[in-house]
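Chemist: For reference, the file final_6.txt (compact mmCIF, C-alpha atoms) is included below:
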# COMPACT_ATOMS: atom_id res chain seq x y z
CA MET Z 1 1.39 158.18 139.70
CA LYS Z 2 -2.37 158.39 139.24
CA HIS Z 3 -2.37 155.06 137.35
CA LEU Z 4 -0.33 153.37 140.06
CA PHE Z 5 -2.82 154.56 142.70
CA THR Z 6 -5.77 153.31 140.59
CA ILE Z 7 -4.16 149.91 140.06
CA THR Z 8 -3.30 149.59 143.77
CA LEU Z 9 -6.85 150.55 144.76
CA PHE Z 10 -8.29 148.06 142.25
CA LEU Z 11 -6.11 145.24 143.60
CA MET Z 12 -7.02 146.07 147.21
CA VAL Z 13 -10.75 146.10 146.46
CA GLY Z 14 -10.44 142.87 144.46
CA PHE Z 15 -8.54 141.18 147.29
CA ALA Z 16 -11.06 142.38 149.89
CA SER Z 17 -13.97 141.15 147.76
CA ALA Z 18 -12.36 137.75 147.33
CA GLN Z 19 -11.88 137.49 151.09
CA GLN Z 20 -15.52 138.43 151.78
CA ASN Z 21 -16.83 135.72 149.43
CA GLU Z 22 -14.87 132.89 150.99
CA VAL Z 23 -17.22 130.40 152.63
CA PRO Z 24 -16.20 129.66 156.22
CA LYS Z 25 -14.61 126.24 156.77
CA GLU Z 26 -17.18 125.45 159.49
CA ILE Z 27 -20.02 125.79 156.97
CA ILE Z 28 -18.28 123.55 154.42
CA GLU Z 29 -17.82 120.96 157.19
CA SER Z 30 -21.45 121.35 158.31
CA ILE Z 31 -22.69 120.73 154.75
CA GLU Z 32 -20.42 117.67 154.53
CA THR Z 33 -21.83 116.31 157.81
CA ASP Z 34 -25.48 117.12 157.11
CA VAL Z 35 -25.66 116.23 153.40
CA TRP Z 36 -22.70 114.51 151.76
CA ILE Z 37 -21.81 111.91 154.39
CA PRO Z 38 -25.45 110.79 154.86
CA PHE Z 39 -25.87 110.76 151.05
CA MET Z 40 -22.90 108.41 150.64
CA GLU Z 41 -24.05 106.28 153.59
CA ALA Z 42 -27.56 106.02 152.13
CA TYR Z 43 -26.09 104.62 148.91
CA ALA Z 44 -23.72 102.25 150.74
CA ASP Z 45 -26.49 100.98 153.06
CA LEU Z 46 -29.26 101.20 150.42
CA ASP Z 47 -31.21 103.24 152.97
CA SER Z 48 -34.04 105.07 151.20
CA ASP Z 49 -35.25 106.79 154.39
CA LYS Z 50 -31.81 108.30 155.03
CA LEU Z 51 -31.62 109.42 151.40
CA LYS Z 52 -35.02 111.13 151.62
CA SER Z 53 -34.10 112.81 154.94
CA ILE Z 54 -31.33 114.93 153.40
CA HIS Z 55 -33.75 116.54 150.91
CA THR Z 56 -36.34 119.23 151.52
CA LYS Z 57 -39.97 118.26 150.94
CA ASP Z 58 -40.10 120.72 148.02
CA ILE Z 59 -36.96 119.38 146.29
CA VAL Z 60 -36.51 120.26 142.63
CA ARG Z 61 -34.61 117.60 140.68
CA ILE Z 62 -33.31 118.35 137.20
CA THR Z 63 -31.84 115.56 135.09
CA ILE Z 64 -30.18 117.53 132.30
CA ASP Z 65 -29.37 114.57 130.02
CA GLN Z 66 -33.06 113.60 129.97
CA ASN Z 67 -34.57 117.13 129.89
CA GLU Z 68 -36.59 116.19 132.96
CA ILE Z 69 -37.70 117.98 136.12
CA LYS Z 70 -39.26 116.19 139.08
CA THR Z 71 -40.32 117.70 142.38
CA GLY Z 72 -41.38 117.01 145.92
CA GLU Z 73 -42.58 113.78 147.45
CA SER Z 74 -43.11 112.00 144.12
CA TYR Z 75 -39.44 112.50 143.25
CA LEU Z 76 -38.31 111.40 146.72
CA GLU Z 77 -40.43 108.25 146.52
CA HIS Z 78 -39.02 107.48 143.06
CA PHE Z 79 -35.41 108.05 144.21
CA GLY Z 80 -35.94 106.02 147.39
CA GLY Z 81 -37.54 103.29 145.28
CA PHE Z 82 -34.36 103.08 143.21
CA LEU Z 83 -32.34 102.16 146.34
CA ASP Z 84 -35.03 99.75 147.51
CA ASN Z 85 -34.99 98.03 144.11
CA VAL Z 86 -31.19 97.61 144.17
CA LYS Z 87 -31.46 96.19 147.71
CA GLN Z 88 -34.13 93.66 146.67
CA ARG Z 89 -31.92 92.47 143.81
CA GLY Z 90 -28.95 92.00 146.17
CA GLY Z 91 -26.86 94.74 144.57
CA GLN Z 92 -24.59 97.33 146.10
CA LEU Z 93 -24.04 101.00 145.29
CA GLY Z 94 -21.48 103.64 146.03
CA ILE Z 95 -21.20 107.33 145.34
CA ALA Z 96 -18.42 109.84 146.00
CA PHE Z 97 -18.30 113.60 145.53
CA ALA Z 98 -15.62 116.09 144.47
CA ILE Z 99 -16.64 119.65 145.34
CA LEU Z 100 -15.51 122.29 142.83
CA SER Z 101 -17.14 125.42 144.24
CA THR Z 102 -19.33 126.69 147.06
CA ALA Z 103 -21.25 129.97 147.15
CA MET Z 104 -23.35 131.29 149.99
CA ASP Z 105 -25.86 134.06 150.64
CA GLU Z 106 -25.31 136.74 153.30
CA SER Z 107 -27.58 135.04 155.84
CA GLN Z 108 -25.51 131.83 155.50
CA ASP Z 109 -28.75 129.86 155.23
CA LEU Z 110 -28.54 129.21 151.47
CA ALA Z 111 -25.62 127.64 149.64
CA TYR Z 112 -24.87 126.47 146.12
CA GLN Z 113 -22.27 123.84 145.27
CA THR Z 114 -20.90 122.43 142.03
CA GLY Z 115 -18.79 119.36 141.55
CA TYR Z 116 -18.38 115.87 140.21
CA TYR Z 117 -19.79 112.61 141.45
CA ARG Z 118 -18.55 109.09 140.83
CA PHE Z 119 -21.22 106.38 140.70
CA SER Z 120 -20.17 102.80 141.54
CA SER Z 121 -22.05 99.53 141.73
CA LYS Z 122 -21.47 95.86 142.38
CA ARG Z 123 -23.22 93.45 140.08
CA LYS Z 124 -23.50 89.69 140.53
CA ASP Z 125 -20.23 88.99 138.68
CA ASP Z 126 -18.23 91.75 140.42
CA GLU Z 127 -16.03 91.05 143.42
CA ASN Z 128 -16.14 94.68 144.64
CA LEU Z 129 -17.77 97.98 143.77
CA VAL Z 130 -16.79 99.11 140.28
CA PRO Z 131 -16.88 102.76 139.13
CA ARG Z 132 -19.53 102.98 136.39
CA GLY Z 133 -19.31 106.65 135.48
CA TYR Z 134 -18.96 110.28 136.46
CA GLY Z 135 -21.32 113.19 136.47
CA TYR Z 136 -21.26 116.94 136.97
CA PHE Z 137 -23.72 118.32 139.53
CA ASN Z 138 -25.14 121.61 140.80
CA VAL Z 139 -27.01 121.65 144.09
CA GLY Z 140 -28.88 124.26 146.07
CA LEU Z 141 -28.79 123.77 149.83
CA ARG Z 142 -30.74 125.48 152.56
CA LYS Z 143 -30.83 125.26 156.30
CA GLU Z 144 -33.97 123.86 157.86
CA ASN Z 145 -34.07 123.86 161.66
CA GLY Z 146 -30.28 124.23 161.75
CA THR Z 147 -29.59 121.35 159.32
CA TRP Z 148 -28.45 121.63 155.70
CA LYS Z 149 -30.72 119.96 153.13
CA LEU Z 150 -30.80 119.69 149.36
CA TRP Z 151 -33.62 121.77 147.83
CA MET Z 152 -32.32 121.69 144.23
CA ASP Z 153 -30.32 118.92 142.59
CA SER Z 154 -29.22 118.96 138.98
CA ASP Z 155 -26.76 116.75 137.16
CA LYS Z 156 -25.57 115.33 133.88
CA ARG Z 157 -23.08 112.70 132.82
CA THR Z 158 -19.58 113.94 132.15
CA ASP Z 159 -16.50 112.44 130.58
CA ILE Z 160 -13.73 112.91 133.12
CA SER Z 161 -10.96 110.55 134.16
CA HIS Z 162 -10.25 108.97 137.53
CA SER Z 163 -7.39 111.47 137.96
CA ASP Z 164 -9.59 114.45 137.01
CA PHE Z 165 -11.93 113.44 139.82
CA HIS Z 166 -9.12 112.97 142.33
CA ASP Z 167 -7.34 116.21 141.39
CA VAL Z 168 -10.07 118.22 143.13
CA ASP Z 169 -9.21 119.65 146.58
CA ILE Z 170 -12.41 118.60 148.40
CA ILE Z 171 -13.33 114.92 147.97
CA TYR Z 172 -15.92 113.04 150.00
CA ASP Z 173 -15.51 109.30 149.60
CA LEU Z 174 -16.51 106.53 152.03
CA ASP Z 175 -14.49 103.95 150.08
CA LYS Z 176 -11.08 105.52 149.45
CA GLN Z 177 -9.84 102.59 147.34
CA LEU Z 178 -11.92 103.39 144.23
Any chance you could put this one into structure tokens?
Modeler:
Amino acid sequence: MKHLFTITLFLMVGFASAQQNEVPKEIIESIETDVWIPFMEAYADLDSDKLKSIHTKDIVRITIDQNEIKTGESYLEHFGGFLDNVKQRGGQLGIAFAILSTAMDESQDLAYQTGYYRFSSKRKDDENLVPRGYGYFNVGLRKENGTWKLWMDSDKRTDISHSDFHDVDIIYDLDKQL
């Protein structure tokens, strides 16, 4: 009987803990609206100002495959310059995100997300955007003046399939055909 009570208590505490750690749907939607939709739009429109606006001024960017860390305004100018360069060459870009996990602090002003991204581009010979590869990302987000922004962004290439990407529950994609 004592073991049954212990097991029941353990299951109840585990269930209560799991419920407490669930991130509210409103926050997930707010992050989507503040960060992921503008991120995808910035790529689609090649809008470097929009891209910069979703990052904090003290952003930390880690490119795992290249063992590189960049920070702040110099990183934002470099990243924005990438979009400007593609625009000048007449190219097009697309990016989509599949969110694997979201964690949040007690104040609900800091969040951490993991997931996959799909990078697409249109070159001169392409009729439409073509998926060029997938990556795995980790981001830190924080609220600034009521708006979510990226303050840490880390990624690396990953070898997943189209179906692996689309098997994830939360997918943000402006171009659903890819």
Chemist: Choose the residue, out of Z:Ser121, Z:Thr158, Z:Gln92, Z:Asn138, that has the smallest atom-to-atom separation from Z:Asp45; count all atoms listed in the file.
Modeler: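 Looking at the shortest contact to Z:Asp45, the residue is Z:Gln92.
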Chemist: Counting all atoms listed in the file, which of Z:Gly91, Z:Gly140, Z:Pro38, Z:Gly133 gets nearest to Z:Asp159?
Modeler: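 Closest to Z:Asp159, using all atoms listed in the file: Z:Gly133.
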Chemist: Taking only C-alpha atoms into account, which of Z:Leu93, Z:Ile59, Z:Ile54, Z:Leu174 comes nearest Z:Val35?
Modeler: Z:Ile54
Chemist: Atom CA of Z:Trp36 and atom CA of Z:Glu106 are how many Å apart?
Modeler: 22.4 Å
Chemist: If you count only C-alpha atoms, which residues fall within 8 Å of Z:Asp47, apart from same-chain ones fewer than 6 positions away, as a PyMOL selection string?
Modeler: chain Z and resi 41+80+83-84
Chemist: Here is a test: counting only C-alpha atoms, which residue of Z:Leu129, Z:Ala111, Z:Leu76, Z:Ile170 is nearest to Z:Lys57?
Modeler: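 Closest candidate: Z:Leu76.
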Chemist: Name the closest residue to Z:Leu110 among the candidates Z:Glu73, Z:Glu144, Z:Asp153, Z:Glu127; distances are taken between atoms, counting all atoms listed in the file.
Modeler: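 Among Z:Glu73, Z:Glu144, Z:Asp153, Z:Glu127, it is Z:Glu144 that comes nearest to Z:Leu110.
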Chemist: Could you work out how far atom CA of Z:Lys156 lies from atom CA of Z:Ile64, giving the answer in Å with one decimal?
Modeler: 5.3 Å
Chemist: Would you kindly return, as a JSON list (two decimals) with C-alpha atoms, keeping the file's coordinate frame, each protein, DNA or RNA residue with an atom no farther than 6 Å from any atom of Z:Lys149, considering all atoms listed in the file and excluding same-chain residues fewer than 5 positions away?
Modeler:
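Written out: out-v6.json:
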[["chain", "number", "residue", "atom", "x", "y", "z"],
["Z", 54, "ILE", "CA", -31.33, 114.93, 153.40],
["Z", 55, "HIS", "CA", -33.75, 116.54, 150.91],
["Z", 56, "THR", "CA", -36.34, 119.23, 151.52],
["Z", 141, "LEU", "CA", -28.79, 123.77, 149.83],
["Z", 142, "ARG", "CA", -30.74, 125.48, 152.56]]
Chemist: At a cut-off of 10 Å, using only C-alpha atoms, what residues contact Z:Ser48? Leave out same-chain residues fewer than 2 positions from it and give the result as an NGL selection string.
Modeler: :Z and (39 or 42-43 or 45-46 or 50-53 or 76-84 or 87)
Chemist: Please indicate the distance in Å from atom CA of Z:Pro131 to atom CA of Z:Gln66, rounded to one decimal place.
Modeler: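 Atom CA of Z:Gln66 lies at a distance of 21.5 Å from atom CA of Z:Pro131.
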Chemist: With only C-alpha atoms as the counted atoms, please give the residues lying no more than 12 Å from Z:His162, apart from itself and same-chain residues fewer than 6 positions off, as a PyMOL selection string.
Modeler: chain Z and resi 96+98+116-119+131-135+168+177-178
